[in-house]
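Engineer: As input, take data_11.cif (mmCIF, C-alpha atoms):
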data_entry
loop_
_atom_site.label_atom_id
_atom_site.label_comp_id
_atom_site.auth_asym_id
_atom_site.auth_seq_id
_atom_site.Cartn_x
_atom_site.Cartn_y
_atom_site.Cartn_z
CA MET O 988 0.00 0.00 0.00
CA THR O 989 1.35 3.37 -0.90
CA ALA O 990 1.65 5.67 2.05
CA LEU O 991 -0.13 8.96 1.82
CA SER O 992 2.16 11.95 1.93
CA HIS O 993 1.27 14.70 4.37
CA SER O 994 2.66 18.20 4.06
CA HIS O 995 3.76 19.82 7.28
CA PRO O 996 1.29 22.40 8.51
CA SER O 997 2.34 25.96 7.80
CA SER O 998 2.17 28.72 10.35
CA GLU O 999 0.50 30.94 7.75
CA LEU O 1000 -2.97 30.67 6.25
CA PRO O 1001 -3.22 29.87 2.56
CA GLN O 1002 -3.45 33.06 0.50
CA ALA O 1003 -7.11 32.45 -0.35
CA HIS O 1004 -8.00 32.40 3.36
CA ARG O 1005 -5.93 35.34 4.54
CA PRO O 1006 -7.87 38.46 5.53
CA ARG O 1007 -7.69 41.18 2.90
CA PRO O 1008 -7.02 44.81 3.85
CA GLY O 1009 -10.28 45.96 5.35
CA GLY O 1010 -11.55 42.43 5.70
CA SER O 1011 -12.45 41.03 9.11
CA PHE O 1012 -15.16 39.35 11.12
CA ASP O 1013 -16.89 42.73 11.29
CA ALA O 1014 -18.65 41.91 8.02
CA THR O 1015 -19.68 38.53 9.41
CA ALA O 1016 -21.19 40.09 12.54
CA ILE O 1017 -23.16 42.58 10.43
CA THR O 1018 -24.30 39.81 8.08
CA PHE O 1019 -25.48 37.53 10.90
CA ALA O 1020 -27.41 40.42 12.48
CA ALA O 1021 -29.06 41.15 9.12
CA MET O 1022 -29.91 37.46 8.61
CA GLY O 1023 -31.60 37.41 12.01
CA LEU O 1024 -33.80 40.34 11.06
CA PHE O 1025 -34.57 39.06 7.56
CA ASP O 1026 -35.54 35.59 8.81
CA ALA O 1027 -37.89 37.11 11.41
CA LEU O 1028 -39.91 38.95 8.75
CA THR O 1029 -43.11 37.63 7.24
CA GLY O 1030 -43.29 36.72 3.56
CA ASP O 1031 -45.03 39.99 2.72
CA GLN O 1032 -42.47 42.00 4.68
CA ARG O 1033 -39.59 40.23 2.93
CA ALA O 1034 -41.09 41.06 -0.45
CA ARG O 1035 -41.22 44.74 0.48
CA VAL O 1036 -37.83 45.01 2.17
CA LEU O 1037 -35.74 43.15 -0.43
CA LEU O 1038 -34.47 44.63 -3.69
CA PRO O 1039 -31.68 43.39 -5.99
CA HIS O 1040 -28.24 44.69 -5.14
CA GLU O 1041 -28.09 46.24 -8.62
CA ASP O 1042 -31.31 48.22 -8.07
CA PRO O 1043 -30.79 51.87 -9.13
CA GLY O 1044 -32.59 52.97 -5.98
CA ARG O 1045 -29.67 51.72 -3.86
CA THR O 1046 -27.91 55.04 -4.32
CA HIS O 1047 -30.99 57.17 -3.56
CA TRP O 1048 -30.11 58.36 -0.07
CA ASN O 1049 -32.18 61.53 0.18
CA PHE O 1050 -33.17 62.17 3.80
CA LEU O 1051 -36.31 64.22 3.23
CA PRO O 1052 -39.68 62.84 4.22
CA GLU O 1053 -40.90 61.74 0.79
CA SER O 1054 -43.82 59.95 -0.79
CA GLY O 1055 -43.48 56.44 -2.19
CA ARG O 1056 -40.25 55.55 -0.42
CA ALA O 1057 -39.11 51.97 -0.98
CA GLY O 1058 -38.61 49.57 1.89
CA LEU O 1059 -40.27 48.60 5.15
CA PRO O 1060 -40.95 51.26 7.81
CA LEU O 1061 -39.94 50.58 11.38
CA GLY O 1062 -43.53 51.34 12.35
CA GLU O 1063 -44.70 48.12 10.68
CA LEU O 1064 -42.36 45.87 12.67
CA ASP O 1065 -43.48 44.10 15.81
CA ARG O 1066 -41.49 44.50 19.02
CA HIS O 1067 -39.27 41.47 18.36
CA GLN O 1068 -38.57 42.49 14.77
CA GLU O 1069 -37.82 46.07 15.76
CA ALA O 1070 -35.36 44.87 18.40
CA LEU O 1071 -33.60 42.81 15.70
CA ALA O 1072 -33.55 45.87 13.42
CA HIS O 1073 -31.84 47.85 16.16
CA ARG O 1074 -29.37 45.00 16.66
CA LEU O 1075 -28.39 45.34 13.00
CA ILE O 1076 -28.05 49.12 13.26
CA ALA O 1077 -25.87 48.81 16.37
CA GLU O 1078 -23.70 46.04 14.87
CA SER O 1079 -23.02 48.18 11.81
CA MET O 1080 -21.49 51.19 13.58
CA SER O 1081 -19.94 52.43 16.81
CA ILE O 1082 -22.12 52.69 19.89
CA PRO O 1083 -21.81 56.53 19.99
CA ALA O 1084 -22.99 56.61 16.37
CA TYR O 1085 -25.86 54.26 17.21
CA ALA O 1086 -26.83 56.53 20.10
CA ARG O 1087 -27.01 59.45 17.68
CA VAL O 1088 -29.14 57.44 15.24
CA VAL O 1089 -31.61 56.65 18.02
CA GLN O 1090 -31.67 60.30 19.12
CA VAL O 1091 -32.25 61.54 15.56
CA MET O 1092 -35.31 59.30 15.21
CA THR O 1093 -36.61 60.14 18.70
CA ASN O 1094 -36.23 63.84 17.95
CA GLU O 1095 -39.16 63.51 15.55
CA HIS O 1096 -41.47 63.36 18.58
CA VAL O 1097 -40.24 66.80 19.65
CA LEU O 1098 -40.37 68.20 16.12
CA ARG O 1099 -43.94 66.97 15.67
CA GLU O 1100 -45.10 69.00 18.67
CA LEU O 1101 -43.09 72.05 17.62
CA ASN O 1102 -44.57 71.84 14.11
CA LEU O 1103 -48.21 71.61 15.24
CA PRO O 1104 -48.83 75.40 15.05
CA VAL O 1105 -47.60 75.39 11.43
CA PHE O 1106 -48.75 72.03 10.07
CA GLY O 1107 -51.63 71.21 12.39
CA HIS O 1108 -53.11 67.72 12.16
CA ILE O 1109 -50.81 66.70 9.26
CA ALA O 1110 -47.64 67.01 11.37
CA PRO O 1111 -47.88 63.41 12.71
CA THR O 1112 -48.01 62.02 9.16
CA PHE O 1113 -44.44 63.06 8.38
CA ARG O 1114 -42.90 63.72 11.80
CA ASP O 1115 -42.86 60.08 12.82
CA ALA O 1116 -40.18 58.50 15.02
CA ARG O 1117 -40.92 55.12 13.42
CA GLY O 1118 -41.26 56.46 9.88
CA TYR O 1119 -37.78 55.28 8.88
CA PHE O 1120 -37.49 52.76 6.07
CA PHE O 1121 -35.33 49.63 6.00
CA THR O 1122 -34.25 48.14 2.67
CA PHE O 1123 -31.99 45.19 1.88
CA PHE O 1124 -30.18 45.25 -1.45
CA GLY O 1125 -29.52 41.58 -1.98
CA GLN O 1126 -30.44 38.99 0.63
CA PRO O 1127 -27.90 38.96 3.48
CA GLN O 1128 -25.88 35.74 3.37
CA PRO O 1129 -22.28 34.88 4.33
CA ASP O 1130 -19.63 35.34 1.63
CA THR O 1131 -21.89 37.39 -0.63
CA THR O 1132 -22.28 41.01 -1.72
CA TRP O 1133 -25.30 42.81 -0.33
CA GLY O 1134 -26.25 46.00 1.49
CA TRP O 1135 -28.81 47.65 3.71
CA ARG O 1136 -30.16 51.15 4.14
CA LEU O 1137 -32.12 52.97 6.83
CA VAL O 1138 -33.45 56.32 5.67
CA GLY O 1139 -35.89 58.96 6.79
CA HIS O 1140 -35.97 62.52 8.05
CA HIS O 1141 -32.45 63.61 8.99
CA LEU O 1142 -31.08 60.07 8.77
CA SER O 1143 -29.46 58.09 5.97
CA VAL O 1144 -27.35 55.05 6.86
CA ASN O 1145 -25.97 53.07 3.92
CA VAL O 1146 -23.96 49.89 4.53
CA THR O 1147 -22.45 47.73 1.79
CA VAL O 1148 -20.85 44.31 2.41
CA VAL O 1149 -18.65 43.10 -0.45
CA ASP O 1150 -17.74 39.45 -0.89
CA GLY O 1151 -18.57 38.71 2.74
CA ASP O 1152 -15.56 40.46 4.31
CA LEU O 1153 -15.29 44.09 3.17
CA VAL O 1154 -17.59 46.81 4.50
CA ASN O 1155 -18.38 50.37 3.43
CA ALA O 1156 -20.52 52.71 5.54
CA THR O 1157 -20.85 55.89 3.47
CA PRO O 1158 -22.78 58.07 2.91
CA PHE O 1159 -23.53 58.35 6.63
CA LEU O 1160 -25.86 61.26 7.36
CA LEU O 1161 -27.23 62.58 10.63
CA GLY O 1162 -29.21 65.76 11.21
CA ALA O 1163 -31.32 67.42 13.86
CA GLU O 1164 -34.18 69.90 13.90
CA PRO O 1165 -34.04 71.65 16.27
CA ALA O 1166 -30.31 71.40 16.81
CA ARG O 1167 -30.64 72.69 20.37
CA PHE O 1168 -33.74 72.23 22.49
CA GLY O 1169 -33.98 71.33 26.16
CA PRO O 1170 -31.66 68.37 26.81
CA PHE O 1171 -31.27 67.66 23.07
CA ARG O 1172 -28.13 68.66 21.24
CA ILE O 1173 -27.54 65.58 19.14
CA LEU O 1174 -24.60 66.86 17.06
CA GLY O 1175 -23.23 69.25 19.65
CA GLU O 1176 -19.96 67.36 20.09
CA GLU O 1177 -19.12 67.68 16.39
CA GLU O 1178 -20.13 71.35 16.31
CA ASP O 1179 -18.14 72.22 19.45
CA ALA O 1180 -15.05 70.42 18.14
CA ALA O 1181 -15.22 72.43 14.91
CA PHE O 1182 -15.47 75.72 16.81
CA THR O 1183 -12.55 74.68 19.04
CA LEU O 1184 -10.44 74.10 15.93
CA LEU O 1185 -11.55 77.36 14.29
CA ASP O 1186 -11.01 79.43 17.44
CA GLY O 1187 -7.54 77.95 17.88
CA LEU O 1188 -6.32 79.14 14.48
CA THR O 1189 -4.20 82.25 14.05
CA GLY O 1190 -5.58 85.28 12.23
CA SER O 1191 -3.85 84.40 8.96
CA GLN O 1192 -4.96 80.77 9.24
CA GLN O 1193 -8.57 81.85 9.77
CA GLN O 1194 -8.39 84.06 6.69
CA ARG O 1195 -7.35 81.03 4.66
CA THR O 1196 -9.93 78.77 6.32
CA VAL O 1197 -13.03 80.98 6.04
CA ILE O 1198 -13.85 80.73 2.34
CA HIS O 1199 -17.05 82.82 2.40
CA SER O 1200 -19.06 85.02 4.74
CA ARG O 1201 -22.32 83.19 4.02
CA PRO O 1202 -22.92 79.45 4.48
CA PRO O 1203 -24.88 77.22 2.11
CA ALA O 1204 -28.40 76.28 3.13
CA ASP O 1205 -27.42 72.62 2.96
CA PHE O 1206 -24.49 70.47 1.83
CA VAL O 1207 -22.47 71.97 -1.01
CA THR O 1208 -22.46 68.54 -2.68
CA ARG O 1209 -26.19 68.10 -1.92
CA THR O 1210 -27.32 64.44 -1.98
CA VAL O 1211 -25.81 63.56 -5.33
CA THR O 1212 -25.36 59.88 -6.07
CA SER O 1213 -21.66 60.28 -6.77
CA ILE O 1214 -19.59 63.38 -6.12
CA GLY O 1215 -18.39 65.07 -9.30
CA GLU O 1216 -15.20 66.98 -9.95
CA VAL O 1217 -17.06 70.22 -9.19
CA GLU O 1218 -20.23 70.66 -7.14
CA TYR O 1219 -22.27 73.75 -6.31
CA PRO O 1220 -24.80 74.16 -3.49
CA ALA O 1221 -28.50 74.69 -4.13
CA TYR O 1222 -30.02 78.15 -3.85
CA HIS O 1223 -32.10 77.07 -0.87
CA GLY O 1224 -33.33 74.02 0.99
CA VAL O 1225 -36.17 72.00 -0.48
CA GLY O 1226 -39.57 73.33 0.55
CA ARG O 1227 -38.21 76.34 2.40
CA ARG O 1228 -36.73 79.76 1.68
CA ASP O 1229 -35.29 80.93 5.01
CA ALA O 1230 -31.64 80.48 3.96
CA MET O 1231 -31.31 81.73 0.38
CA ILE O 1232 -27.99 82.19 -1.43
CA THR O 1233 -27.03 83.83 -4.73
CA ASP O 1234 -25.01 82.75 -7.76
CA GLU O 1235 -22.00 84.56 -6.32
CA ASP O 1236 -22.41 82.67 -3.05
CA ARG O 1237 -22.63 79.36 -4.90
CA LYS O 1238 -19.39 80.08 -6.76
CA ALA O 1239 -17.62 81.09 -3.54
CA LEU O 1240 -18.76 77.92 -1.75
CA ALA O 1241 -18.10 75.47 -4.60
CA TYR O 1242 -16.47 72.10 -4.05
CA PHE O 1243 -13.50 71.28 -6.30
CA ARG O 1244 -12.37 67.70 -5.87
CA ALA O 1245 -8.83 68.28 -7.15
CA HIS O 1246 -8.36 71.62 -5.37
CA PRO O 1247 -9.50 71.46 -1.74
CA ARG O 1248 -9.87 74.83 -0.06
CA GLY O 1249 -9.17 76.02 3.44
CA CYS O 1250 -6.36 75.22 5.85
CA ARG O 1251 -4.22 72.11 5.32
CA ALA O 1252 -3.94 69.82 8.36
CA GLY O 1253 -0.21 69.39 7.80
CA ASP O 1254 0.29 73.14 8.27
CA LEU O 1255 -1.26 73.19 11.74
CA SER O 1256 0.64 73.37 15.02
CA PRO O 1257 0.67 70.26 17.23
CA THR O 1258 -2.15 71.65 19.38
CA GLN O 1259 -4.19 72.68 16.37
CA ARG O 1260 -3.54 69.32 14.75
CA GLY O 1261 -4.88 67.63 17.86
CA HIS O 1262 -8.10 69.62 17.50
CA PHE O 1263 -8.31 68.66 13.82
CA ASP O 1264 -7.78 64.97 14.60
CA THR O 1265 -10.49 65.08 17.25
CA LEU O 1266 -12.96 66.56 14.77
CA LEU O 1267 -12.09 64.06 12.03
CA ALA O 1268 -12.45 61.15 14.46
CA LEU O 1269 -16.01 62.18 15.35
CA PHE O 1270 -17.00 61.35 11.77
CA VAL O 1271 -14.72 58.47 10.78
CA GLU O 1272 -15.43 56.76 14.09
CA ARG O 1273 -19.08 56.55 13.20
CA ALA O 1274 -17.94 53.31 11.55
CA ARG O 1275 -17.88 50.04 13.44
CA PRO O 1276 -14.69 50.11 15.61
CA GLY O 1277 -13.02 47.24 13.75
CA LEU O 1278 -13.33 49.17 10.48
CA VAL O 1279 -11.91 52.52 11.60
CA GLY O 1280 -8.33 51.38 10.97
CA TYR O 1281 -9.25 50.43 7.41
CA GLU O 1282 -10.77 53.87 6.81
CA MET O 1283 -7.67 55.56 8.20
CA ASP O 1284 -5.49 53.34 5.99
CA ARG O 1285 -7.46 54.57 2.98
CA ILE O 1286 -6.81 58.15 4.02
CA ALA O 1287 -3.10 57.38 4.52
CA ALA O 1288 -2.83 55.76 1.10
CA ALA O 1289 -4.46 58.81 -0.49
CA GLY O 1290 -1.91 61.27 0.90
CA GLY O 1291 -2.45 61.10 4.64
CA VAL O 1292 -4.35 63.14 7.19
CA GLU O 1293 -1.80 65.93 6.75
CA ASN O 1294 -3.22 66.61 3.27
CA LEU O 1295 -6.82 66.95 4.40
CA HIS O 1296 -8.19 70.50 4.34
CA PHE O 1297 -10.54 72.26 6.75
CA ALA O 1298 -12.78 75.01 5.35
CA TRP O 1299 -15.39 77.23 6.99
CA ALA O 1300 -18.20 79.51 5.78
CA GLY O 1301 -20.57 81.85 7.56
CA GLY O 1302 -20.48 83.21 11.08
CA THR O 1303 -17.86 82.37 13.66
CA SER O 1304 -20.18 82.00 16.67
CA ILE O 1305 -22.72 79.28 17.30
CA GLU O 1306 -25.66 81.70 17.14
CA GLN O 1307 -24.80 82.63 13.54
CA PRO O 1308 -25.47 80.42 10.49
CA HIS O 1309 -22.31 78.45 9.74
CA TYR O 1310 -20.82 75.58 7.75
CA PHE O 1311 -17.60 73.59 7.66
CA ARG O 1312 -16.09 70.77 5.64
CA ILE O 1313 -13.12 68.45 5.75
CA GLN O 1314 -11.93 67.44 2.30
CA GLY O 1315 -9.45 64.96 0.86
CA PRO O 1316 -9.25 62.43 -2.00
CA VAL O 1317 -11.22 59.75 -0.13
CA THR O 1318 -12.79 61.93 2.55
CA LEU O 1319 -15.56 64.49 2.62
CA VAL O 1320 -17.22 65.72 5.79
CA GLU O 1321 -19.85 68.45 5.55
CA PHE O 1322 -21.70 70.11 8.42
CA ASP O 1323 -24.19 72.96 8.06
CA ASN O 1324 -26.26 74.87 10.58
CA ALA O 1325 -27.87 77.58 8.48
CA GLU O 1326 -31.64 77.17 8.68
CA ASP O 1327 -34.03 78.13 11.50
CA ASN O 1328 -31.68 80.85 12.76
CA ALA O 1329 -28.76 78.43 13.10
CA ASN O 1330 -30.78 75.82 14.97
CA HIS O 1331 -31.11 73.11 12.29
CA VAL O 1332 -28.08 70.94 11.51
CA HIS O 1333 -27.09 68.43 8.85
CA SER O 1334 -23.88 66.42 8.87
CA VAL O 1335 -22.53 63.83 6.47
CA TRP O 1336 -19.44 61.66 6.09
CA ARG O 1337 -18.75 60.58 2.49
CA ASP O 1338 -15.99 58.95 0.44
CA PRO O 1339 -15.85 60.51 -3.04
CA THR O 1340 -14.39 57.28 -4.46
CA ASN O 1341 -16.17 54.64 -2.38
CA ASP O 1342 -19.70 55.74 -1.46
CA PHE O 1343 -22.00 52.70 -1.55
CA GLY O 1344 -18.85 50.56 -1.77
CA ALA O 1345 -18.17 51.69 -5.36
CA ASP O 1346 -14.39 51.21 -5.13
CA LEU O 1347 -14.73 47.90 -3.26
CA LEU O 1348 -17.17 46.61 -5.88
CA ILE O 1349 -14.72 47.47 -8.68
CA GLN O 1350 -11.94 45.64 -6.83
CA HIS O 1351 -14.25 42.67 -6.31
CA HIS O 1352 -15.10 42.58 -10.00
CA LEU O 1353 -11.45 42.72 -11.05
CA GLU O 1354 -10.27 40.09 -8.56
CA HIS O 1355 -12.91 37.46 -9.37
CA ASP O 1356 -13.56 35.38 -12.45
CA HIS O 1357 -16.61 36.74 -14.25
CA THR O 1358 -16.15 34.70 -17.43
CA GLY O 1359 -18.28 31.71 -16.36
CA SER O 1360 -21.93 31.12 -17.04
CA HIS O 1361 -24.55 33.68 -16.02
CA GLU O 1362 -25.68 31.42 -13.18
CA ASP O 1363 -22.17 31.02 -11.80
CA ARG O 1364 -21.18 34.64 -11.63
CA GLU O 1365 -22.35 37.68 -9.73
CA GLU O 1366 -23.54 40.54 -11.87
CA ALA O 1367 -21.73 43.81 -11.31
CA PRO O 1368 -23.99 46.78 -10.62
CA GLY O 1369 -24.55 49.17 -13.48
CA PRO O 1370 -22.98 52.59 -13.29
CA HIS O 1371 -25.03 55.47 -11.95
CA SER O 1372 -22.21 58.03 -11.73
CA GLY O 1373 -24.04 60.56 -13.84
CA GLU O 1374 -27.22 60.38 -11.77
CA ARG O 1375 -28.04 63.27 -9.49
CA GLU O 1376 -30.52 63.11 -6.65
CA GLY O 1377 -32.57 66.08 -5.51
CA GLU O 1378 -31.27 68.46 -2.86
CA ALA O 1379 -32.36 67.86 0.68
CA THR O 1380 -33.07 69.83 3.77
#
Give the structure from the file, written as structure tokens.
Structural biologist:
Amino acid sequence: MTALSHSHPSSELPQAHRPRPGGSFDATAITFAAMGLFDALTGDQRARVLLPHEDPGRTHWNFLPESGRAGLPLGELDRHQEALAHRLIAESMSIPAYARVVQVMTNEHVLRELNLPVFGHIAPTFRDARGYFFTFFGQPQPDTTWGWRLVGHHLSVNVTVVDGDLVNATPFLLGAEPARFGPFRILGEEEDAAFTLLDGLTGSQQQRTVIHSRPPADFVTRTVTSIGEVEYPAYHGVGRRDAMITDEDRKALAYFRAHPRGCRAGDLSPTQRGHFDTLLALFVERARPGLVGYEMDRIAAAGGVENLHFAWAGGTSIEQPHYFRIQGPVTLVEFDNAEDNANHVHSVWRDPTNDFGADLLIQHHLEHDHTGSHEDREEAPGPHSGEREGEAT
């Protein structure tokens, strides 16, 4: 009998089983949480919550209350299902970020009461703390590509899992109306950190940082599907006219991808740089803790934190309408507090190259064999780079 030969075990995993940069069990934890929610839904609920991963609506992340929104509202889940939905939300981000998500939704109760004198009996129809819509893009399964979204007023969370081990969490949007009321100041930490950085700059640094005396009414890049080389803000927020800007304002506030404006992080003093790093962390660390290192590695590979720029527009005190952004090749943070007499905030963390996992999906497509039969291969999503979504408020 011929003896079987046995190779000696290696101390290293085979290449096919080694974690890729950005890959970890974080994706598995998110996937298992999503599977728990999906399996707890009824057949009718599954039909409403599930869309193909290639669905064009996957990149529609507008955070306005809107008619005909796809997905399954939290208000139609029973207590057990809603608890599983919250488990998925919490597994997909840091606990401080999850706390903000919960506060944003809860804030709708306050806004409903504040809006009663204006909107009367219709206020409860669109100021609803459970009027946030869940959608799965592709059924969550291990070792597959799929995503989920939770969207509603002042909230847009978009998570993409690629090939079962890579995760993207942008765009990640949080807002609050009112920004300050009683014990509520949901995005106060981010706002205070930005003012600390601005106030710590020298006179000449502030002159370089403040790009315009008037802020935009909303994000300069709006809620576009993919960020272009140049973006201009809208003249006003949708459905309101309390923060209007002109053509000259729009030009002064414009976003130029290849030419970031403001003060470069690498030109700051050690103390100032510490303030900048604190502010950046409040947005990047919205991601699940195990994924923050991957996001910082992407920033490092694209030129490093030292080449990020901090820009400001509007007033320099919290009572005045104001706006700031952090910009780099793979990083865009925008924060505005311009409406309702500077008591209505929007904030977003985006990746101009990787929103909705765009860059990860391209890598996945290039690294895997797509020459087999239609049944054996995963279809790549069609491009939607030219698509533009409506502005939001």
Engineer: Nearest to Pro1158 of chain O among O:Thr1208, O:Ser1304, O:Asn1330, O:Ser1191, with distances taken over all atoms listed in the file: which residue is it?
Structural biologist: O:Thr1208
Engineer: Around (-10.3, 56.8, 4.8), as given in the file, which residues come within 6 Å? Count all atoms listed in the file and list them as a PDB file with C-alpha atoms, keeping the file's coordinate frame.
Structural biologist:
ATOM      1  CA  GLU O1282     -10.770  53.870   6.810  1.00  0.00           C
ATOM      2  CA  MET O1283      -7.670  55.560   8.200  1.00  0.00           C
ATOM      3  CA  ARG O1285      -7.460  54.570   2.980  1.00  0.00           C
ATOM      4  CA  ILE O1286      -6.810  58.150   4.020  1.00  0.00           C
ATOM      5  CA  VAL O1317     -11.220  59.750  -0.130  1.00  0.00           C
TER       6      VAL O1317
END
Engineer: Which residues, written as a ChimeraX atom specification, have at least one atom at most 9 Å from Val1088 of chain O, with only C-alpha atoms counted and residues fewer than 5 positions away on the same chain left out?
Structural biologist: /O:1076,1083,1093,1142,1144,1161
Engineer: How far is it from atom CA of Ala1086 of chain O to atom CA of Arg1227 of chain O, in Å with one decimal?
Structural biologist: 28.9 Å
Engineer: Determine the residue membership of the PyMOL selection byres ((chain O and resi 1177) around 12) for the file above and supply it as a ChimeraX atom specification.
Structural biologist: /O:1084,1087,1161-1162,1166,1172-1176,1178-1184,1262-1273,1310-1312,1320-1324,1332-1336
Engineer: Any idea what's packed within 9 Å of Ala1027 of chain O, counting only C-alpha atoms, ignoring anything in its chain fewer than 3 positions away? Could you give it as a list in words?
Structural biologist: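 Here the qualifying residues turn out to be Met1022, Gly1023, Leu1024, His1067, Gln1068 and Leu1071 of chain O.
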Engineer: Select, from O:Gly1187, O:Gly1134, O:Pro1043, O:Gly1030, the residue with the minimum atom-to-atom distance to Gly1261 of chain O, counting all atoms listed in the file.
Structural biologist: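 Counting all atoms listed in the file, the residue closest to Gly1261 of chain O is O:Gly1187.
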Engineer: Spell out the residues picked by the PyMOL selection byres ((chain O and resi 1222) around 12) here, as a PyMOL selection string.
Structural biologist: chain O and resi 1202-1207+1209+1219-1221+1223-1238+1240+1378-1380
Engineer: List as a VMD selection string the protein and nucleic acid residues near Phe1012 of chain O, meaning an atom at most 12 Å away when only C-alpha atoms are counted, but skip any in the same chain fewer than 5 places from it.
Structural biologist: chain O and resid 1006 to 1007 1017 to 1019 1078 to 1079 1129 to 1130 1148 1151 to 1154 1275 to 1278
Engineer: How would the residues just picked look written out with C-alpha atoms as a PDB file, keeping the file's coordinate frame?
Structural biologist:
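The resulting result-v6.pdb:
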ATOM      1  CA  PRO O1006      -7.870  38.460   5.530  1.00  0.00           C
ATOM      2  CA  ARG O1007      -7.690  41.180   2.900  1.00  0.00           C
ATOM      3  CA  ILE O1017     -23.160  42.580  10.430  1.00  0.00           C
ATOM      4  CA  THR O1018     -24.300  39.810   8.080  1.00  0.00           C
ATOM      5  CA  PHE O1019     -25.480  37.530  10.900  1.00  0.00           C
ATOM      6  CA  GLU O1078     -23.700  46.040  14.870  1.00  0.00           C
ATOM      7  CA  SER O1079     -23.020  48.180  11.810  1.00  0.00           C
ATOM      8  CA  PRO O1129     -22.280  34.880   4.330  1.00  0.00           C
ATOM      9  CA  ASP O1130     -19.630  35.340   1.630  1.00  0.00           C
ATOM     10  CA  VAL O1148     -20.850  44.310   2.410  1.00  0.00           C
ATOM     11  CA  GLY O1151     -18.570  38.710   2.740  1.00  0.00           C
ATOM     12  CA  ASP O1152     -15.560  40.460   4.310  1.00  0.00           C
ATOM     13  CA  LEU O1153     -15.290  44.090   3.170  1.00  0.00           C
ATOM     14  CA  VAL O1154     -17.590  46.810   4.500  1.00  0.00           C
ATOM     15  CA  ARG O1275     -17.880  50.040  13.440  1.00  0.00           C
ATOM     16  CA  PRO O1276     -14.690  50.110  15.610  1.00  0.00           C
ATOM     17  CA  GLY O1277     -13.020  47.240  13.750  1.00  0.00           C
ATOM     18  CA  LEU O1278     -13.330  49.170  10.480  1.00  0.00           C
TER      19      LEU O1278
END
Engineer: Give as a ChimeraX atom specification the set of residues within 12 Å of the point (-37.8, 44.6, 2.0), where distances use the file's coordinates and all atoms listed in the file.
Structural biologist: /O:1021,1024-1026,1028-1040,1056-1061,1063-1064,1120-1127,1134-1137
Engineer: Quick check, in Å to one decimal: how far apart do atom CA of Pro1247 of chain O and atom CA of Trp1299 of chain O lie?
Structural biologist: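 Pair atom CA of Pro1247 of chain O / atom CA of Trp1299 of chain O returns 12.0 Å.
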Engineer: Edge lengths and centre in Å to one decimal, as lines of an AutoDock Vina configuration file, of the axis-aligned box that encloses all listed atoms of segment 1319-1324 of chain O with 5 Å added on every side?
Structural biologist:
center_x = -20.9
center_y = 69.7
center_z = 6.6
size_x = 20.7
size_y = 20.4
size_z = 18.0
Engineer: For Asp1338 of chain O, which of O:Gly1169, O:Asn1155, O:Gln1259, O:Leu1188 is the closest residue, counting only C-alpha atoms?
Structural biologist: O:Asn1155
Engineer: I need the residue set behind the PyMOL selection byres ((chain O and resi 1343) around 9) for this file; please write it as a PyMOL selection string.
Structural biologist: chain O and resi 1045-1046+1134+1145-1147+1155-1158+1338+1341-1342+1344-1348
Engineer: I'd like the interatomic distance between atom CA of Phe1050 of chain O and atom CA of Tyr1119 of chain O, to a tenth of an Å.
Structural biologist: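 Between these atoms lies a distance of 9.7 Å.
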Engineer: Counting only C-alpha atoms, which residue out of O:Val1197, O:Tyr1242, O:Leu1255, O:Leu1103 sits closest to Ala1298 of chain O?
Structural biologist: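 Checking each candidate against Ala1298 of chain O, we get O:Val1197 as the closest.
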Engineer: Complete the atom set of segment 1112-1120 of chain O to N, CA and C atoms and return it as a short mmCIF file (atom, residue, chain, number, x, y, z; two decimals), in the frame of the given file.
Structural biologist:
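Produced file part_21.cif, reproduced below:
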data_model
loop_
_atom_site.label_atom_id
_atom_site.label_comp_id
_atom_site.auth_asym_id
_atom_site.auth_seq_id
_atom_site.Cartn_x
_atom_site.Cartn_y
_atom_site.Cartn_z
N THR O 1112 -48.16 62.90 10.32
CA THR O 1112 -48.01 62.02 9.16
C THR O 1112 -46.59 62.01 8.62
N PHE O 1113 -45.82 63.06 8.89
CA PHE O 1113 -44.44 63.06 8.38
C PHE O 1113 -43.41 63.41 9.45
N ARG O 1114 -43.83 63.60 10.68
CA ARG O 1114 -42.90 63.72 11.80
C ARG O 1114 -43.14 62.49 12.66
N ASP O 1115 -42.54 61.40 12.25
CA ASP O 1115 -42.86 60.08 12.82
C ASP O 1115 -41.57 59.39 13.24
N ALA O 1116 -41.41 59.12 14.52
CA ALA O 1116 -40.18 58.50 15.02
C ALA O 1116 -39.99 57.07 14.53
N ARG O 1117 -41.05 56.47 13.98
CA ARG O 1117 -40.92 55.12 13.42
C ARG O 1117 -41.13 55.13 11.90
N GLY O 1118 -41.09 56.32 11.32
CA GLY O 1118 -41.26 56.46 9.88
C GLY O 1118 -39.93 56.42 9.14
N TYR O 1119 -39.09 55.47 9.52
CA TYR O 1119 -37.78 55.28 8.88
C TYR O 1119 -37.80 53.93 8.17
N PHE O 1120 -37.28 53.90 6.96
CA PHE O 1120 -37.49 52.76 6.07
C PHE O 1120 -36.23 51.92 5.93
#
